[in-house]
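*Asks:* So here's start04.txt (compact mmCIF, C-alpha atoms and all ligand atoms).
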```
# COMPACT_ATOMS: atom_id res chain seq x y z
CA MET G 1 -77.52 44.23 89.09
CA THR G 2 -80.99 44.06 90.74
CA ALA G 3 -81.97 40.55 91.85
CA GLY G 4 -84.17 38.92 89.25
CA ALA G 5 -83.40 41.49 86.51
CA ALA G 6 -82.30 40.16 83.12
CA PRO G 7 -78.49 40.49 82.80
CA GLU G 8 -78.99 42.49 79.58
CA ALA G 9 -80.51 45.31 81.68
CA ALA G 10 -77.25 45.95 83.60
CA PRO G 11 -74.53 48.32 82.32
CA LEU G 12 -72.18 46.49 79.94
CA ALA G 13 -69.11 47.06 82.15
CA GLU G 14 -70.94 45.35 85.02
CA ARG G 15 -71.96 42.41 82.84
CA ALA G 16 -68.40 42.16 81.52
CA ALA G 17 -66.94 42.13 85.04
CA ALA G 18 -69.18 39.18 85.91
CA VAL G 19 -68.27 37.01 82.93
CA LEU G 20 -64.98 38.18 81.36
CA CYS G 21 -61.57 37.47 82.88
CA ASP G 22 -60.14 40.66 84.27
CA THR G 23 -57.14 40.79 81.91
CA TYR G 24 -57.64 44.15 80.21
CA ARG G 25 -57.64 47.70 81.56
CA ARG G 26 -60.53 48.82 79.37
CA VAL G 27 -61.60 52.42 79.03
CA PRO G 28 -65.29 53.16 79.60
CA LEU G 29 -66.25 53.14 75.94
CA THR G 30 -68.38 50.69 73.98
CA LEU G 31 -67.85 50.78 70.24
CA VAL G 32 -70.66 49.67 67.99
CA ARG G 33 -69.75 50.72 64.44
CA GLY G 34 -66.89 51.89 62.27
CA GLN G 35 -66.42 53.41 58.83
CA GLY G 36 -63.08 54.42 57.37
CA ALA G 37 -61.00 56.03 60.11
CA ARG G 38 -64.06 56.76 62.29
CA VAL G 39 -65.79 54.73 64.97
CA TRP G 40 -69.02 55.33 66.86
CA SER G 41 -69.86 54.55 70.47
CA ASP G 42 -73.13 53.15 71.78
CA ASP G 43 -74.14 56.63 72.90
CA GLY G 44 -73.58 58.10 69.46
CA GLN G 45 -70.16 59.73 69.88
CA GLU G 46 -68.06 59.82 66.68
CA LEU G 47 -64.34 59.31 67.23
CA LEU G 48 -61.31 59.50 64.95
CA ASP G 49 -59.60 56.15 65.37
CA CYS G 50 -55.84 56.56 65.72
CA VAL G 51 -55.52 53.17 67.41
CA ALA G 52 -57.04 51.01 64.62
CA GLY G 53 -57.40 47.94 66.81
CA ILE G 54 -53.70 48.33 67.78
CA ALA G 55 -52.28 48.53 64.24
CA VAL G 56 -54.78 46.00 62.89
CA ASN G 57 -57.41 47.83 60.83
CA VAL G 58 -54.96 49.01 58.18
CA LEU G 59 -57.77 49.65 55.68
CA GLY G 60 -59.90 51.30 58.35
CA HIS G 61 -63.34 50.01 59.17
CA GLY G 62 -65.84 48.56 56.72
CA HIS G 63 -63.56 48.60 53.67
CA PRO G 64 -65.59 47.24 50.73
CA ALA G 65 -62.72 45.04 49.48
CA VAL G 66 -62.51 43.18 52.80
CA LEU G 67 -66.28 42.91 53.10
CA ALA G 68 -66.61 41.53 49.57
CA ALA G 69 -63.79 39.01 50.07
CA LEU G 70 -65.30 37.81 53.35
CA GLN G 71 -68.77 37.50 51.91
CA GLU G 72 -67.60 35.62 48.84
CA GLN G 73 -65.29 33.27 50.74
CA ALA G 74 -67.82 32.62 53.53
CA GLY G 75 -70.30 31.52 50.89
CA ALA G 76 -67.77 29.20 49.28
CA LEU G 77 -65.73 27.67 52.13
CA ILE G 78 -64.98 28.99 55.62
CA HIS G 79 -62.72 26.31 57.03
CA THR G 80 -61.10 23.06 55.96
CA SER G 81 -58.11 22.38 58.32
CA ASN G 82 -54.63 21.99 56.90
CA LEU G 83 -55.26 18.40 55.87
CA TYR G 84 -56.16 19.81 52.45
CA TYR G 85 -55.01 22.53 50.07
CA THR G 86 -57.07 25.68 49.63
CA LEU G 87 -56.66 28.32 46.97
CA PRO G 88 -56.69 31.42 49.20
CA GLN G 89 -53.87 30.08 51.39
CA VAL G 90 -51.52 29.43 48.48
CA ALA G 91 -52.45 32.68 46.73
CA LEU G 92 -51.86 34.64 49.94
CA ALA G 93 -48.46 33.05 50.54
CA GLU G 94 -47.44 33.87 46.96
CA ARG G 95 -48.50 37.48 47.33
CA LEU G 96 -46.94 37.89 50.77
CA VAL G 97 -43.60 36.48 49.68
CA ALA G 98 -43.64 38.83 46.67
CA THR G 99 -43.72 41.80 49.07
CA ALA G 100 -40.80 40.55 51.14
CA PHE G 101 -38.04 38.13 50.10
CA PRO G 102 -37.83 34.56 48.81
CA ALA G 103 -39.44 32.47 51.53
CA ARG G 104 -42.04 29.87 52.41
CA VAL G 105 -44.83 30.71 54.81
CA PHE G 106 -46.33 29.12 57.91
CA PHE G 107 -49.74 30.57 58.73
CA SER G 108 -51.12 30.93 62.24
CA ASN G 109 -53.68 33.14 63.96
CA SER G 110 -51.82 35.80 65.91
CA GLY G 111 -48.54 37.59 66.41
CA ALA G 112 -47.52 35.45 69.36
CA GLU G 113 -48.07 32.30 67.34
CA ALA G 114 -46.12 33.70 64.40
CA ASN G 115 -43.22 34.31 66.79
CA GLU G 116 -43.54 30.84 68.36
CA ALA G 117 -43.09 29.39 64.89
CA ALA G 118 -40.00 31.57 64.37
CA ILE G 119 -38.56 30.34 67.68
CA LYS G 120 -39.15 26.72 66.67
CA VAL G 121 -37.48 27.30 63.30
CA ALA G 122 -34.43 28.77 65.05
CA ARG G 123 -34.21 25.90 67.53
CA LYS G 124 -34.44 23.22 64.85
CA TRP G 125 -31.96 25.09 62.66
CA GLY G 126 -29.58 25.17 65.63
CA GLN G 127 -29.88 21.42 66.08
CA ARG G 128 -29.31 20.80 62.42
CA HIS G 129 -26.64 23.35 61.55
CA ARG G 130 -25.06 24.63 64.77
CA GLY G 131 -24.48 21.57 66.92
CA GLY G 132 -27.48 22.22 69.14
CA ALA G 133 -26.93 25.95 69.76
CA ALA G 134 -30.28 27.17 71.06
CA THR G 135 -30.00 30.57 72.73
CA ILE G 136 -32.03 33.35 71.18
CA VAL G 137 -30.76 36.86 71.85
CA ALA G 138 -33.54 39.42 72.15
CA LEU G 139 -33.72 43.04 73.27
CA GLN G 140 -34.60 44.63 76.58
CA GLY G 141 -37.95 46.40 76.26
CA ALA G 142 -39.11 44.00 73.53
CA PHE G 143 -42.62 42.64 73.24
CA HIS G 144 -43.26 39.46 71.27
CA GLY G 145 -46.57 38.17 72.66
CA ARG G 146 -48.20 36.52 75.65
CA THR G 147 -47.55 32.80 75.23
CA LEU G 148 -44.95 31.43 77.63
CA GLY G 149 -42.33 31.21 74.86
CA THR G 150 -42.90 34.72 73.61
CA LEU G 151 -43.02 36.07 77.17
CA ALA G 152 -39.59 34.53 77.67
CA ALA G 153 -38.46 36.20 74.44
CA GLY G 154 -39.90 39.54 75.51
CA GLY G 155 -37.76 41.98 77.42
CA GLN G 156 -40.28 43.42 79.89
CA SER G 157 -40.39 41.36 83.05
CA HIS G 158 -43.61 42.98 84.30
CA TYR G 159 -45.47 40.97 81.65
CA SER G 160 -43.87 37.68 82.64
CA ASP G 161 -42.87 37.72 86.33
CA ALA G 162 -46.20 36.27 87.54
CA PHE G 163 -45.89 33.28 85.22
CA ARG G 164 -42.46 31.90 86.04
CA PRO G 165 -40.88 29.50 85.35
CA LEU G 166 -40.57 30.55 81.72
CA PRO G 167 -38.97 28.46 78.99
CA GLY G 168 -35.19 28.94 78.99
CA GLY G 169 -32.79 29.77 76.19
CA PHE G 170 -33.29 33.52 75.89
CA ARG G 171 -30.84 36.29 76.67
CA HIS G 172 -31.45 40.04 76.53
CA VAL G 173 -29.25 42.97 75.61
CA ALA G 174 -29.92 46.71 75.42
CA PRO G 175 -31.33 47.95 72.09
CA GLY G 176 -28.70 49.70 69.98
CA ASP G 177 -25.77 48.33 72.02
CA LEU G 178 -23.67 46.48 69.43
CA PRO G 179 -20.80 45.46 71.74
CA ALA G 180 -23.35 43.88 74.11
CA LEU G 181 -24.90 42.00 71.21
CA GLU G 182 -21.49 40.86 70.03
CA ALA G 183 -20.72 39.53 73.49
CA ALA G 184 -24.09 37.76 73.70
CA LEU G 185 -23.61 35.99 70.35
CA ASP G 186 -21.38 33.22 71.68
CA GLN G 187 -21.24 29.55 70.66
CA ALA G 188 -24.58 28.85 72.37
CA ALA G 189 -26.43 31.57 70.42
CA VAL G 190 -28.47 30.57 67.40
CA ALA G 191 -30.48 33.67 66.53
CA VAL G 192 -31.27 37.31 67.17
CA LEU G 193 -34.93 38.28 67.51
CA LEU G 194 -36.03 41.91 67.41
CA GLU G 195 -38.70 44.43 66.42
CA PRO G 196 -37.37 47.15 64.04
CA ILE G 197 -39.42 49.61 66.11
CA GLN G 198 -40.36 48.54 69.62
CA GLY G 199 -44.09 49.19 69.78
CA GLU G 200 -45.44 48.05 73.15
CA GLY G 201 -42.11 49.16 74.61
CA GLY G 202 -43.01 52.79 73.79
CA VAL G 203 -42.39 53.34 70.04
CA HIS G 204 -38.59 53.21 70.03
CA PRO G 205 -37.08 52.78 66.55
CA LEU G 206 -33.78 51.03 66.05
CA ASP G 207 -31.28 52.84 63.79
CA ASP G 208 -31.02 51.51 60.24
CA ALA G 209 -27.24 51.36 60.74
CA TYR G 210 -27.73 49.21 63.87
CA LEU G 211 -30.03 46.85 61.96
CA ALA G 212 -27.48 46.54 59.15
CA ALA G 213 -24.77 45.81 61.72
CA VAL G 214 -26.97 43.16 63.40
CA ARG G 215 -27.45 41.49 60.02
CA ARG G 216 -23.67 41.44 59.45
CA LEU G 217 -23.05 40.09 62.94
CA CYS G 218 -25.60 37.31 62.46
CA ASP G 219 -23.82 36.29 59.26
CA GLU G 220 -20.38 36.37 60.90
CA ARG G 221 -21.53 34.31 63.87
CA GLN G 222 -23.67 31.92 61.83
CA CYS G 223 -26.86 32.98 63.53
CA LEU G 224 -30.34 33.58 62.13
CA LEU G 225 -31.92 37.01 62.12
CA LEU G 226 -35.58 36.80 63.13
CA LEU G 227 -37.55 40.02 62.69
CA ASP G 228 -40.85 40.57 64.49
CA GLU G 229 -42.80 42.88 62.16
CA VAL G 230 -46.14 42.09 63.77
CA GLN G 231 -46.69 45.79 64.49
CA THR G 232 -44.29 47.49 62.04
CA GLY G 233 -45.37 45.47 58.99
CA MET G 234 -48.03 45.85 56.30
CA GLY G 235 -46.87 49.27 55.12
CA ARG G 236 -47.29 51.07 58.42
CA THR G 237 -43.82 52.63 58.53
CA GLY G 238 -43.87 53.85 54.93
CA ARG G 239 -42.25 50.70 53.51
CA MET G 240 -44.08 47.41 53.27
CA TRP G 241 -41.74 46.03 55.94
CA ALA G 242 -39.80 48.24 58.31
CA HIS G 243 -36.53 46.36 57.73
CA GLN G 244 -36.62 47.48 54.09
CA HIS G 245 -35.66 51.00 55.25
CA ALA G 246 -32.35 49.49 56.38
CA GLY G 247 -31.79 47.56 53.14
CA ILE G 248 -31.43 44.24 54.94
CA VAL G 249 -33.12 40.86 54.52
CA PRO G 250 -33.93 38.74 57.59
CA ASP G 251 -33.89 34.95 57.66
CA VAL G 252 -37.32 34.82 59.26
CA LEU G 253 -40.04 37.49 59.37
CA THR G 254 -43.19 37.40 61.46
CA CYS G 255 -46.34 39.37 60.82
CA ALA G 256 -49.96 39.41 62.02
CA LYS G 257 -52.04 42.41 63.18
CA GLY G 258 -52.70 44.32 59.93
CA LEU G 259 -52.39 41.27 57.69
CA GLY G 260 -56.05 40.30 57.90
CA GLY G 261 -57.36 43.87 58.20
CA GLY G 262 -59.21 42.82 61.38
CA VAL G 263 -59.58 39.10 60.75
CA PRO G 264 -57.14 37.12 62.94
CA ILE G 265 -54.19 35.72 61.01
CA GLY G 266 -50.45 35.44 61.60
CA ALA G 267 -47.67 34.48 59.23
CA THR G 268 -44.06 33.39 59.59
CA LEU G 269 -41.96 33.85 56.46
CA VAL G 270 -39.03 31.47 56.45
CA GLY G 271 -36.18 32.27 54.07
CA PRO G 272 -34.20 29.55 52.26
CA ARG G 273 -31.30 29.56 54.77
CA ALA G 274 -33.68 28.88 57.68
CA ASP G 275 -36.11 26.56 55.92
CA VAL G 276 -35.89 23.47 58.13
CA LEU G 277 -39.56 22.74 58.83
CA GLU G 278 -40.83 19.34 57.72
CA PRO G 279 -44.19 17.59 57.90
CA GLY G 280 -45.19 17.07 61.53
CA ASP G 281 -42.90 19.82 62.91
CA HIS G 282 -45.59 22.42 63.47
CA GLY G 283 -49.28 23.00 62.88
CA SER G 284 -52.42 24.95 63.68
CA THR G 285 -56.03 23.92 63.18
CA PHE G 286 -57.15 27.38 62.15
CA GLY G 287 -53.85 28.65 60.75
CA GLY G 288 -54.26 29.93 57.20
CA ASN G 289 -57.95 29.17 57.10
CA PRO G 290 -59.59 30.18 53.81
CA LEU G 291 -61.72 32.93 55.33
CA ALA G 292 -58.77 34.66 57.00
CA CYS G 293 -56.58 34.19 53.92
CA ALA G 294 -59.24 35.66 51.63
CA ALA G 295 -59.44 38.73 53.87
CA ALA G 296 -55.64 39.06 53.93
CA LEU G 297 -55.44 38.73 50.14
CA ALA G 298 -57.95 41.56 49.83
CA VAL G 299 -55.86 43.64 52.24
CA LEU G 300 -52.64 43.09 50.28
CA ARG G 301 -54.32 43.79 46.94
CA THR G 302 -55.89 46.98 48.29
CA ILE G 303 -52.66 48.22 49.86
CA GLU G 304 -51.05 47.86 46.44
CA ALA G 305 -53.96 49.17 44.35
CA GLU G 306 -54.49 52.23 46.55
CA GLY G 307 -50.79 52.98 47.07
CA LEU G 308 -51.23 52.81 50.83
CA VAL G 309 -47.57 52.25 51.66
CA GLU G 310 -46.64 55.54 50.00
CA ARG G 311 -49.64 57.13 51.63
CA ALA G 312 -48.52 55.93 55.07
CA ALA G 313 -45.20 57.68 54.42
CA ALA G 314 -46.80 60.92 53.20
CA VAL G 315 -49.68 61.20 55.67
CA GLY G 316 -47.38 59.96 58.42
CA ALA G 317 -44.96 62.81 57.68
CA ARG G 318 -47.81 65.31 57.89
CA LEU G 319 -49.13 63.83 61.14
CA ARG G 320 -45.65 63.84 62.59
CA GLN G 321 -45.15 67.48 61.62
CA GLY G 322 -48.43 68.39 63.31
CA LEU G 323 -47.54 66.46 66.45
CA GLU G 324 -44.09 68.05 66.54
CA GLU G 325 -45.80 71.42 66.76
CA LEU G 326 -47.14 70.28 70.14
CA VAL G 327 -43.58 69.96 71.46
CA THR G 328 -42.71 72.82 73.82
CA PRO G 329 -39.60 73.38 75.95
CA ASP G 330 -41.66 73.21 79.16
CA GLY G 331 -43.58 70.05 78.12
CA PRO G 332 -45.65 67.99 78.57
CA VAL G 333 -44.95 66.93 74.93
CA VAL G 334 -41.19 66.70 74.45
CA GLU G 335 -40.66 64.57 71.34
CA VAL G 336 -42.26 62.55 68.55
CA ARG G 337 -40.77 59.15 67.74
CA GLY G 338 -41.47 56.51 65.10
CA ARG G 339 -41.87 56.22 61.38
CA GLY G 340 -44.74 56.60 58.91
CA LEU G 341 -48.04 55.96 60.68
CA MET G 342 -46.44 54.38 63.76
CA LEU G 343 -45.85 57.37 65.99
CA GLY G 344 -45.15 57.86 69.68
CA VAL G 345 -45.66 61.18 71.43
CA GLY G 346 -43.10 61.35 74.24
CA LEU G 347 -44.06 63.15 77.45
CA ASP G 348 -41.87 64.53 80.24
CA ARG G 349 -44.43 63.64 82.92
CA PRO G 350 -46.73 60.66 83.58
CA TRP G 351 -49.76 62.10 81.81
CA ALA G 352 -50.30 59.56 79.03
CA PRO G 353 -53.44 57.93 80.53
CA ALA G 354 -54.99 61.35 81.37
CA LEU G 355 -54.18 62.66 77.89
CA ALA G 356 -55.72 59.62 76.24
CA ASP G 357 -58.88 60.14 78.33
CA ALA G 358 -58.99 63.84 77.44
CA ALA G 359 -58.45 63.02 73.74
CA ARG G 360 -61.32 60.56 73.86
CA ALA G 361 -63.58 63.21 75.35
CA VAL G 362 -62.92 65.40 72.28
CA GLY G 363 -63.34 62.56 69.78
CA LEU G 364 -59.87 61.07 69.30
CA LEU G 365 -58.69 57.55 70.11
CA VAL G 366 -55.00 57.28 70.98
CA ASN G 367 -53.29 54.64 73.06
CA PRO G 368 -51.16 55.29 76.15
CA VAL G 369 -48.16 52.97 76.39
CA GLY G 370 -46.74 53.26 79.84
CA GLU G 371 -47.20 56.61 81.51
CA ARG G 372 -45.06 58.78 79.24
CA THR G 373 -45.94 57.81 75.68
CA LEU G 374 -49.06 58.21 73.57
CA ARG G 375 -49.07 55.84 70.62
CA LEU G 376 -50.79 56.64 67.31
CA LEU G 377 -51.35 53.74 64.89
CA PRO G 378 -54.08 55.05 62.56
CA PRO G 379 -55.37 53.13 59.55
CA LEU G 380 -53.27 53.58 56.41
CA ILE G 381 -56.29 55.12 54.68
CA LEU G 382 -56.11 58.17 57.00
CA SER G 383 -56.52 61.35 54.95
CA GLU G 384 -54.40 64.46 55.37
CA GLN G 385 -57.45 66.27 56.75
CA GLU G 386 -57.93 63.51 59.31
CA ALA G 387 -54.25 63.72 60.26
CA ASP G 388 -54.72 67.46 60.88
CA LEU G 389 -57.88 66.76 62.86
CA ALA G 390 -56.00 64.25 65.03
CA THR G 391 -53.34 66.90 65.77
CA ALA G 392 -55.97 69.53 66.56
CA ARG G 393 -57.87 67.23 68.89
CA LEU G 394 -54.69 66.17 70.66
CA ALA G 395 -53.77 69.84 71.10
CA THR G 396 -57.16 70.41 72.74
CA ALA G 397 -56.57 67.42 75.01
CA VAL G 398 -53.12 68.69 76.02
CA ALA G 399 -54.59 72.09 76.88
CA ALA G 400 -57.39 70.48 78.91
CA VAL G 401 -55.02 68.31 80.95
CA ALA G 402 -52.58 71.19 81.46
CA ALA G 403 -55.47 73.27 82.83
CA ALA G 404 -56.46 70.52 85.28
CA PRO G 405 -53.45 68.22 85.75
CA PRO G 406 -53.99 64.69 87.09
CA ALA G 407 -53.17 64.15 90.75
CA PRO G 408 -49.53 63.01 91.08
C1 LIG G 501 -44.21 43.40 67.97
C2 LIG G 501 -45.30 42.49 68.45
N1 LIG G 501 -45.11 41.16 68.42
C3 LIG G 501 -46.05 40.31 68.82
C4 LIG G 501 -47.25 40.76 69.31
C5 LIG G 501 -48.29 39.78 69.77
O1 LIG G 501 -49.33 39.73 68.85
P1 LIG G 501 -50.73 39.04 69.25
O2 LIG G 501 -51.35 39.90 70.29
O3 LIG G 501 -51.48 38.99 67.97
O4 LIG G 501 -50.39 37.67 69.77
C6 LIG G 501 -47.49 42.12 69.36
C7 LIG G 501 -48.77 42.64 69.90
O5 LIG G 501 -48.89 43.75 70.33
C8 LIG G 501 -46.49 43.02 68.92
O6 LIG G 501 -46.68 44.34 68.96
```
Any chance you could give the structure as structure tokens?

*Replies:*
Amino acid sequence: MTAGAAPEAAPLAERAAAVLCDTYRRVPLTLVRGQGARVWSDDGQELLDCVAGIAVNVLGHGHPAVLAALQEQAGALIHTSNLYYTLPQVALAERLVATAFPARVFFSNSGAEANEAAIKVARKWGQRHRGGAATIVALQGAFHGRTLGTLAAGGQSHYSDAFRPLPGGFRHVAPGDLPALEAALDQAAVAVLLEPIQGEGGVHPLDDAYLAAVRRLCDERQCLLLLDEVQTGMGRTGRMWAHQHAGIVPDVLTCAKGLGGGVPIGATLVGPRADVLEPGDHGSTFGGNPLACAAALAVLRTIEAEGLVERAAAVGARLRQGLEELVTPDGPVVEVRGRGLMLGVGLDRPWAPALADAARAVGLLVNPVGERTLRLLPPLILSEQEADLATARLATAVAAVAAAPPAP
């Protein structure tokens, strides 16, 4: 920036570097507007948004139901604290529970917080019912958030190594390895925590049969099953909750991301077996605030009214089919993983960042996870035509990168 010039005159990336902590690897793109499944940059580029705020904007951008709910609630009451009852919070809990299983809900503001509440439930349950058993068994490759507790629960040390010491009481086993899980569920173990599809870990689904076996094992060993559906929830996989594909019911379910359709909110659903929380055990100033709850209620109502869970299954199948046509024996695309509108394009070489850049250049937002997976998490309102457009644009990006491969 030139000395004496107003900061507003400098490029945004330069201003950001001066005042924002350097925690994100941002791409050089400034978004200014969104409508449906499209977003626009400050220089006027229109992009098809297959990232949706990382599985957040389930109704796309600017959905009238969310806008109306926010406007109405903001005019009535934005915030009260949890010292008092509010209508939207109770109505949202009722509606959320109706989509899942009998439970009571603790509201927070993010996925990590929803998981922290689940961890606290398990620990208290262990004190009360299992003689102080406290170890939570989680999966290698898992991602549960960025607080110290959820970093300890996560199974990717590159997120947590710089922040040791982490809270203790977590143990990790390989996803899908039942004998390893059986061995880990000893007297000290109180719960299993897992994502039905590992998202940040690279879009790796767990088998329904494995999930059913984990449920049985938790029952046999008197452990709780805690499911992190922060990314898989809200209809994304073609069922309201991904665990419903496996016909199981967890003891605790966490959700966030898509719940508020872009407004921050997290929720921990605690089933009757695990329901040990009492006044004073947990809290959050903003958790379940009326504005966020009104938005989330609008999201749930719209998902139901517009049949968006079924649509995620149908449009997801079409998108998957299109992406599978990009698979060739000599790569770079070698497989498509995931379920519904949570899809991972697996690569045989470390081209994911270059492919995401090339896709952006032709008007498609996708998210590289690691170097060998492109993740697609479009809004549930994506049309079939938009799914086809996403495939076509990704095909163009693949051709462009193949013609000028990134330096190794
Ligand atoms: C499965 C899962 N759990 C938890 C989180 C953390 O959510 P938040 O970033 O809202 O804290 C994420 C975020 O990516 C996630 O994918």

*Asks:* Nearest to G:Asp49 among G:Gly238, G:Gly36, G:Pro405, G:Pro167, with distances taken over only C-alpha atoms: which residue is it?

*Replies:*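 Result for the nearest residue to G:Asp49: G:Gly36.
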
*Asks:* Which residue out of G:Leu59, G:Ala112, G:Val366, G:Leu269 has the minimum interatomic distance to ligand LIG 501 (chain G) when all atoms listed in the file are used?

*Replies:*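 Among the listed residues, G:Ala112 lies closest to ligand LIG 501 (chain G).
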
*Asks:* If I take atom CA of G:Thr232 and atom CA of G:Leu151, how far is one from the other in Å, to one decimal?

*Replies:*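 Between these atoms lies a distance of 19.0 Å.
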
*Asks:* Neighbouring residues of ligand LIG 501 (chain G) are defined here as those with any atom at most 10 Å from a ligand atom, counting all atoms listed in the file; list them as an MDAnalysis selection string.

*Replies:* chainID G and resid 54:56 108:116 142:147 150:151 154 194:201 227:233 254:258 264:266

*Asks:* Env of G:Pro11: 12 Å cut, atoms = all atoms listed in the file, seq-sep filter 3 positions within chain, self excluded. Answer as a PyMOL selection string.

*Replies:* chain G and resi 1-2+5-8+14-18+28-30+42

*Asks:* Could you tell me how far atom CA of G:Leu226 lies from atom CA of G:Gly60, in Å and to one decimal?

*Replies:* 28.7 Å

*Asks:* Which is closer to G:Phe106 than all the others in G:Trp351, G:Phe286, G:Tyr159, G:Tyr210, using all atoms listed in the file?

*Replies:*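 Between G:Trp351, G:Phe286, G:Tyr159, G:Tyr210, the residue approaching G:Phe106 most closely is G:Phe286.
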
*Asks:* Give the answer as one residue: which of G:Val51, G:Leu178, G:Ala152, G:Val309 has the shortest atom-to-atom distance to G:Val39, using all atoms listed in the file?

*Replies:*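 Smallest separation from G:Val39 among the options: G:Val51.
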
*Asks:* Please identify all polymer residues lying at most 10 Å from the point (-57.3, 34.2, 49.5) (file coordinates), using all atoms listed in the file, and present the result as a list in words.

*Replies:* Ala69, Leu70, Gln73, Thr86, Leu87, Pro88, Gln89, Val90, Ala91, Leu92, Ala93, Arg95, Gly288, Asn289, Pro290, Leu291, Ala292, Cys293, Ala294, Ala295, Ala296, Leu297, Ala298 and Val299 of chain G

*Asks:* Would you compute the distance between atom CA of G:Gly340 and atom CA of G:Ser157? Give it in Å to one decimal.

*Replies:* 28.9 Å

*Asks:* Nearest residue to G:Tyr84 out of G:Thr285, G:Ala184, G:Glu384, G:Leu341, using only C-alpha atoms?

*Replies:*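 For G:Tyr84, the nearest of the candidates is G:Thr285.
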
*Asks:* Please provide as a list in words all residues within 8 Å of G:Ala212, with the sequence filter that same-chain residues fewer than 2 positions apart are discarded (counting only C-alpha atoms).

*Replies:* Asp208, Ala209, Tyr210, Val214, Arg215, Arg216, Ala246, Gly247 and Ile248 of chain G

*Asks:* Could you tell me which of G:Gly44, G:Pro378, G:Gly370, G:Gly280 comes closest to G:Gly346 if we count only C-alpha atoms?

*Replies:*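 Of G:Gly44, G:Pro378, G:Gly370, G:Gly280, the one nearest G:Gly346 is G:Gly370, counting only C-alpha atoms.
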
*Asks:* Excluding G:Asp388 and its own-chain neighbours fewer than 2 positions away, which residues fall within 10 Å of it when counting all atoms listed in the file? Please give them as a PDB file with C-alpha atoms, in the coordinates of the input.

*Replies:*
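Saved to out37.pdb:
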```
ATOM      1  CA  VAL G 315     -49.680  61.200  55.670  1.00  0.00           C
ATOM      2  CA  ARG G 318     -47.810  65.310  57.890  1.00  0.00           C
ATOM      3  CA  LEU G 319     -49.130  63.830  61.140  1.00  0.00           C
ATOM      4  CA  ARG G 320     -45.650  63.840  62.590  1.00  0.00           C
ATOM      5  CA  GLN G 321     -45.150  67.480  61.620  1.00  0.00           C
ATOM      6  CA  GLY G 322     -48.430  68.390  63.310  1.00  0.00           C
ATOM      7  CA  LEU G 323     -47.540  66.460  66.450  1.00  0.00           C
ATOM      8  CA  SER G 383     -56.520  61.350  54.950  1.00  0.00           C
ATOM      9  CA  GLU G 384     -54.400  64.460  55.370  1.00  0.00           C
ATOM     10  CA  GLN G 385     -57.450  66.270  56.750  1.00  0.00           C
ATOM     11  CA  GLU G 386     -57.930  63.510  59.310  1.00  0.00           C
ATOM     12  CA  ALA G 390     -56.000  64.250  65.030  1.00  0.00           C
ATOM     13  CA  THR G 391     -53.340  66.900  65.770  1.00  0.00           C
ATOM     14  CA  ALA G 392     -55.970  69.530  66.560  1.00  0.00           C
ATOM     15  CA  ARG G 393     -57.870  67.230  68.890  1.00  0.00           C
ATOM     16  CA  LEU G 394     -54.690  66.170  70.660  1.00  0.00           C
TER      17      LEU G 394
END
```

*Asks:* Residues near G:Ile303, anyone? I mean within 10 Å using only C-alpha atoms, not counting same-chain ones fewer than 2 positions away, as an MDAnalysis selection string.

*Replies:* chainID G and resid 58:59 234:235 240 297:301 305:311 380:381

*Asks:* Name the residues, using the chain letters and numbers of the file, that sit within 8 Å of (-48.5, 58.2, 80.6) when counting all atoms listed in the file, and give them as a PyMOL selection string.

*Replies:* chain G and resi 347+349-355+368-374
